[in-house]
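The structure under discussion appears below in the form of structure tokens.
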Amino acid sequence: MKRLKIIFLLLLVSAGLFAQQSLRIPPEIQKAYDAGTRSPDGKPGSNYWQNKADYEIKVQFDPSTRLLKGTVEIDYVNHSPDSLKQLWFKLYPNIYKKGVPIKAKINARDLGEGVQLTALTIGGKTVAAKDMTMEGTNMYTDIAALAPGHSLKVHVTYNYTLNKGSHVRTGQVDEGSYFIAYFFPRIAVYDDIDGWNKYPYTGEEEFYNDFCNFKAELTVPKDYVVWATGDLTNANQVFHKDIVGRIKQAESEDQIIDVITAQDLASKKVTKGNSSLTWKYEAKNVTDFVFALSDHYIWKSSSLVVDSLTLRRTRVDAVYHPAHKADYEEVIDFARQTVSAMSFKFPKWPFPYSHETIFDGLDQMEYPMMANDNPVKRREDAITLTVHEIFHTMFPFYMGTNETKYGWMDEGWATLGEWLIGPLIDTSMVNLYGVAQTAMTSGTKNDSPIITLTPELRGSGLFTSTYPKPGMGYLFVKDYLGDTLFTKALHHYISQWQGKHPMPYDFFNSINEGAGKNLNWFWQRWFFEEGVTDMAIAGVKRNSEGYAIQIQNKSNKPMPIDLRLEYEDGSMARIHETIGIWEKGDSLVTIQARGIKNLKRVVLGSSHVPDKNNRDNTFNVKNEKELVGN
């Protein structure tokens with residue numbers, strides 16, 4: 001008897017250890033814990049720091065030649081405990097430079113000379129060209145040691161020719177329209193995990209930038225209108241007064257305002273000036289700055305309250321070619337509803353910026369307060385694209401995640417945003433983005449764990465481990481915790497890390513802390529391990545309470561169970577179990593369907609649960625006394 005008690009206690013302890021398991025901590029994260037920059041409870045450590053810069057950008061862009069030239073003044077502050085003996089810069093336009101290693105598909109005819117640095121001074125000292133080491137989209141140079149707590153000034157004069165073809169997130173859109181991103185030399189991130197961010201930009205992985213303040217003066221020919229990150233500070237100097245009035249109206253009303261119409265363009269009553277205009281924009285505490293311009297786009301605008309406590313409003317813009325009216329006309333409404341849903345439905349966090357502009361471009365890419373979105377013919381695609389790119393406002397921009405290393409920390413959230421917000425805009429929608437691909441490719445050679453660094457992902461895993469798989473992970477945890485507790489946990493994470501640089505372990509631990517539950521059993525199996533996603537109905541047995549339904553999980557992945565019960569009298573019932581049913585590590589569970597009616601068929605599966613083999617997901621019941629197998 002005593003021996004049996006001991007065995008029973010050991011089983012209880014082992015089950016508890018399984019549920020409360022710890023994630024394997026890599027050396028660089030443990031080093032951060034030891035240094036006090038991050039904490040195992042998911043909060044920034046008492047010694048957390050991040051560097052920052054103020055940018056003053058002055059550029060001239062000539063649409064006829066696509067030549068962009070300008071100057072950048074940077075006031076860089078070293079908040080780290082290290083003396084910096086080098087400065088690393090990002091020259092993102094160099095993916096269009098001949099000889100630079102890239103993963104993006106760029107036609108050879110679109111390659112050129114890249115960014116030309118005509119002058120560089122650091123701390124008042126001129127840096128000679130021979131002292132600048134170019135490595136693709138990276139450049140670094142030695143400097144006099146910048147001590148902790150000190151700052152220095154950087155001055156750069158540069159130019160490059162904007163790409164016309166092979167549009168990778170930036171470039172000429174048509175004759176007279178341009179989306180210009182990554183257009184200025186910037187100082188790379190220096191953080192407590194990797195030091196300098198030395199990952200090159202290849203056109204495939206995305207970005208990692210510090211939170212900075214920007215002042216930009218953008219000079220273009222007078223007939224062009226400029227939209228950009230941040231707030232336009234000289235509207236009265238560049239727009240006719242009627243346009244200024246319409247912008248102000250849009251910023252204060254819910255109705256959709258035609259700020260610039262085709263008639264305005266035809267009558268040349270949009271912009272002022274004789275030859276060129278300088279547009280002045282300011283943006284504070286953002287990770288990037290972009291601008292777009294066109295001499296023939298129309299502009300629809302509106303605004304809405306995003307914070308019920310302060311009644312703060314966000315302006316939403318849709319800017320597009322008149323020829324794309326059929327594809328783009330509803331985008332302003334989709335954008336409004338997305339901003340509203342983000343503020344009040346999911347993630348229920350007031351939209352953080354003063355405006356969001358959707359620009360008719362040649363890509364599907366997000367930026368702070370801007371999106372470069374191509375027209376699409378299907379209404380459903382226009383909804384999901386608009387939702388996806390605007391949702392990136394929170395992840396990565398508001399949260400400052402490292403997209404280069406951990407694309408899933410923003411793309412997974414944007415995918416979940418599609419799934420949850422899309423049906424709020426159109427109730428007939430069922431967005432299954434990536435679910436089938438996840439099921440089909442699970443367990444194959446390219447099925448990498450989500451936690452795999454994005455530059456190391458290959459084949460189908462580059463998509464599934466970045467978009468749908470993490471999106472499902474978030475969705476399953478939301479289902480398990482329930483909306484109220486999940487929102488509490490997510491808000492805890494956002495409030496702790498907004499404006500900083502959270503890493504994966506910060507996210508996992510912060511959600512655990514905010515929910516008051518150790519979810520490591522799920523994080524480990526869904527985010528850190530590979531494996532097939534497959535469940536099956538193993539058997540159905542009639543008993544005194546109704547039917548016992550056995551579900552087998554053929555993988556290591558905890559997934560929700562959804563059963564449709566079809567009875568002989570034509571009625572149906574449904575049973576749902578969250579991922580919690582797999583918390584103890586079982587591979588076979590029994591679900592009781594209560595009732596006296598004769599069961600005809602049991603069907604396993606739901607829209608957002610990937611199942612590689614669904615041939616064993618239907619069980620036809622014979623209603624004998626004992627039934628096992630199919």
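As shown in the structure tokens, the chain order sets the letters A, B, ...; within each chain, residues go from 1, and ligands are also counted from 1 in the order they appear.
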Which neighbours of region 229-234 of chain A fall inside 10 Å, counting only C-alpha atoms, when residues of the same chain fewer than 6 positions from it are skipped, and could you give them as a count of residues only?
-> 27
Nearby residues (only C-alpha atoms) at most 8 Å from Thr590 (chain A), same-chain spacing under 4 positions excluded, as a ChimeraX atom specification = /A:548-551
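Nearest residue to Met342 (chain A) among A:Gly171, A:Gly531, A:Gly422, A:Pro185 is A:Gly422, counting only C-alpha atoms.
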Using only C-alpha atoms, determine which residues lie at most 10 Å from Tyr201 (chain A), disregarding the query and same-chain residues fewer than 3 positions distant; provide the list as a PyMOL selection string.
-> chain A and resi 90-95+100-104+136-138+198+204-207+404
Could you name the residues that touch Phe351 (chain A) at 9 Å or less, counting only C-alpha atoms, but leaving out those on the same chain fewer than 5 positions away, as a count of residues only?
-> 10
Any chance you could tabulate, as JSON lines, the residues of region 509-558 of chain A at most 7 Å from region 572-589 of chain A with each one's nearest atom pair and distance in Å to one decimal, using only C-alpha atoms, in chain and rising number order?
```
{"residue": "A:Trp521", "atom": "CA", "partner": "A:Glu583", "partner_atom": "CA", "distance": 6.7}
{"residue": "A:Gln550", "atom": "CA", "partner": "A:Val589", "partner_atom": "CA", "distance": 5.7}
{"residue": "A:Ile551", "atom": "CA", "partner": "A:Val589", "partner_atom": "CA", "distance": 5.4}
{"residue": "A:Gln552", "atom": "CA", "partner": "A:Leu588", "partner_atom": "CA", "distance": 4.5}
{"residue": "A:Asn553", "atom": "CA", "partner": "A:Ser587", "partner_atom": "CA", "distance": 5.0}
{"residue": "A:Lys554", "atom": "CA", "partner": "A:Ser587", "partner_atom": "CA", "distance": 6.9}
{"residue": "A:Pro558", "atom": "CA", "partner": "A:Ile579", "partner_atom": "CA", "distance": 5.3}
```
Nearest to Ala538 (chain A): which of A:Ala266, A:Ile257, A:Val59, A:Val602 is it, counting only C-alpha atoms?
->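 Once distances to Ala538 (chain A) are computed over only C-alpha atoms, the minimum belongs to A:Val602.
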Between A:Leu485, A:Val225, A:Leu23, A:Leu68, which has the minimum distance to Ile451 (chain A) (counting only C-alpha atoms)?
-> A:Leu23
Running DSSP on the backbone, which parts of region 167-397 of chain A land in strand (DSSP E), as a ChimeraX atom specification?
-> /A:171-174,177-180,186-187,190-191,195-196,212-221,225-228,231-232,257-260,276-286,291-294,298-305,313-320,355-360,364-367,370-373
Once you have the residues from the selection above, write them out as an mmCIF file, in the first residue's frame, restricted to C-alpha atoms.
```
data_model
loop_
_atom_site.group_PDB
_atom_site.id
_atom_site.type_symbol
_atom_site.label_atom_id
_atom_site.label_comp_id
_atom_site.auth_asym_id
_atom_site.auth_seq_id
_atom_site.Cartn_x
_atom_site.Cartn_y
_atom_site.Cartn_z
ATOM 1 C CA GLY A 171 10.077 52.163 -56.131
ATOM 2 C CA GLN A 172 8.210 53.745 -59.009
ATOM 3 C CA VAL A 173 4.570 52.670 -59.183
ATOM 4 C CA ASP A 174 3.588 54.294 -62.482
ATOM 5 C CA SER A 177 3.518 57.823 -58.663
ATOM 6 C CA TYR A 178 6.248 56.589 -56.317
ATOM 7 C CA PHE A 179 6.442 54.786 -52.990
ATOM 8 C CA ILE A 180 9.791 55.614 -51.404
ATOM 9 C CA ARG A 186 20.366 54.961 -40.718
ATOM 10 C CA ILE A 187 22.287 53.685 -37.737
ATOM 11 C CA TYR A 190 22.683 47.976 -31.058
ATOM 12 C CA ASP A 191 20.955 45.834 -28.417
ATOM 13 C CA GLY A 195 25.209 43.946 -30.019
ATOM 14 C CA TRP A 196 25.146 45.464 -33.518
ATOM 15 C CA CYS A 212 13.544 57.382 -33.189
ATOM 16 C CA ASN A 213 12.231 60.885 -33.784
ATOM 17 C CA PHE A 214 12.100 62.180 -37.358
ATOM 18 C CA LYS A 215 11.899 65.594 -38.953
ATOM 19 C CA ALA A 216 11.777 65.406 -42.727
ATOM 20 C CA GLU A 217 11.769 68.014 -45.485
ATOM 21 C CA LEU A 218 10.789 66.411 -48.788
ATOM 22 C CA THR A 219 11.197 68.563 -51.907
ATOM 23 C CA VAL A 220 9.359 67.492 -55.071
ATOM 24 C CA PRO A 221 7.853 69.233 -58.141
ATOM 25 C CA VAL A 225 1.198 65.539 -53.388
ATOM 26 C CA VAL A 226 3.261 63.863 -50.670
ATOM 27 C CA TRP A 227 1.959 61.464 -48.019
ATOM 28 C CA ALA A 228 4.298 60.246 -45.296
ATOM 29 C CA ASP A 231 2.206 64.707 -39.293
ATOM 30 C CA LEU A 232 2.348 67.319 -42.050
ATOM 31 C CA ILE A 257 -14.465 63.147 -47.282
ATOM 32 C CA ASP A 258 -13.181 63.497 -50.856
ATOM 33 C CA VAL A 259 -10.031 65.464 -50.078
ATOM 34 C CA ILE A 260 -8.677 65.386 -53.638
ATOM 35 C CA SER A 276 8.837 72.860 -56.413
ATOM 36 C CA LEU A 277 7.428 72.454 -52.906
ATOM 37 C CA THR A 278 8.979 71.286 -49.671
ATOM 38 C CA TRP A 279 6.729 69.106 -47.541
ATOM 39 C CA LYS A 280 7.581 69.065 -43.836
ATOM 40 C CA TYR A 281 6.692 66.048 -41.732
ATOM 41 C CA GLU A 282 7.404 65.110 -38.117
ATOM 42 C CA ALA A 283 7.073 61.718 -36.444
ATOM 43 C CA LYS A 284 7.987 60.866 -32.879
ATOM 44 C CA ASN A 285 9.047 57.547 -31.381
ATOM 45 C CA VAL A 286 8.616 55.423 -34.499
ATOM 46 C CA PHE A 291 6.876 58.766 -48.027
ATOM 47 C CA ALA A 292 4.899 58.447 -51.244
ATOM 48 C CA LEU A 293 3.953 60.926 -53.933
ATOM 49 C CA SER A 294 1.755 61.202 -56.986
ATOM 50 C CA ILE A 298 -7.303 60.925 -55.662
ATOM 51 C CA TRP A 299 -7.641 60.959 -51.863
ATOM 52 C CA LYS A 300 -10.488 59.800 -49.660
ATOM 53 C CA SER A 301 -10.245 60.431 -45.937
ATOM 54 C CA SER A 302 -12.157 60.016 -42.715
ATOM 55 C CA SER A 303 -11.503 59.722 -38.999
ATOM 56 C CA LEU A 304 -12.869 57.911 -35.980
ATOM 57 C CA VAL A 305 -12.545 57.885 -32.215
ATOM 58 C CA ARG A 313 -9.266 60.383 -33.210
ATOM 59 C CA THR A 314 -7.231 58.705 -35.950
ATOM 60 C CA ARG A 315 -7.473 59.851 -39.561
ATOM 61 C CA VAL A 316 -7.661 57.095 -42.175
ATOM 62 C CA ASP A 317 -6.726 57.706 -45.820
ATOM 63 C CA ALA A 318 -7.109 55.805 -49.068
ATOM 64 C CA VAL A 319 -5.002 57.254 -51.884
ATOM 65 C CA TYR A 320 -5.249 55.705 -55.342
ATOM 66 C CA HIS A 355 -3.235 58.626 -39.148
ATOM 67 C CA GLU A 356 -3.032 55.562 -41.359
ATOM 68 C CA THR A 357 -2.615 55.967 -45.122
ATOM 69 C CA ILE A 358 -3.251 53.138 -47.596
ATOM 70 C CA PHE A 359 -1.378 53.991 -50.809
ATOM 71 C CA ASP A 360 -2.143 52.357 -54.145
ATOM 72 C CA GLN A 364 1.774 44.378 -49.911
ATOM 73 C CA MET A 365 3.935 46.001 -47.275
ATOM 74 C CA GLU A 366 3.511 47.905 -44.045
ATOM 75 C CA TYR A 367 5.266 50.931 -42.539
ATOM 76 C CA MET A 370 1.530 53.865 -44.153
ATOM 77 C CA ALA A 371 0.883 50.838 -46.331
ATOM 78 C CA ASN A 372 2.000 50.118 -49.900
ATOM 79 C CA ASP A 373 -0.888 47.963 -51.162
#
```
Closest to Arg564 (chain A) among A:Arg601, A:Lys69, A:Lys478, A:Arg542, using only C-alpha atoms?
-> A:Arg601
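The shortest atom-to-atom distance to Tyr158 (chain A), with only C-alpha atoms taken into account, belongs to A:Gly70 out of A:Gly70, A:Gly595, A:Gly434, A:Gly546.
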CA of Asn617 (chain A) to CA of Pro423 (chain A), distance in Å rounded to a single decimal |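 Spanning CA of Asn617 (chain A) to CA of Pro423 (chain A) is a straight-line distance of 26.6 Å.
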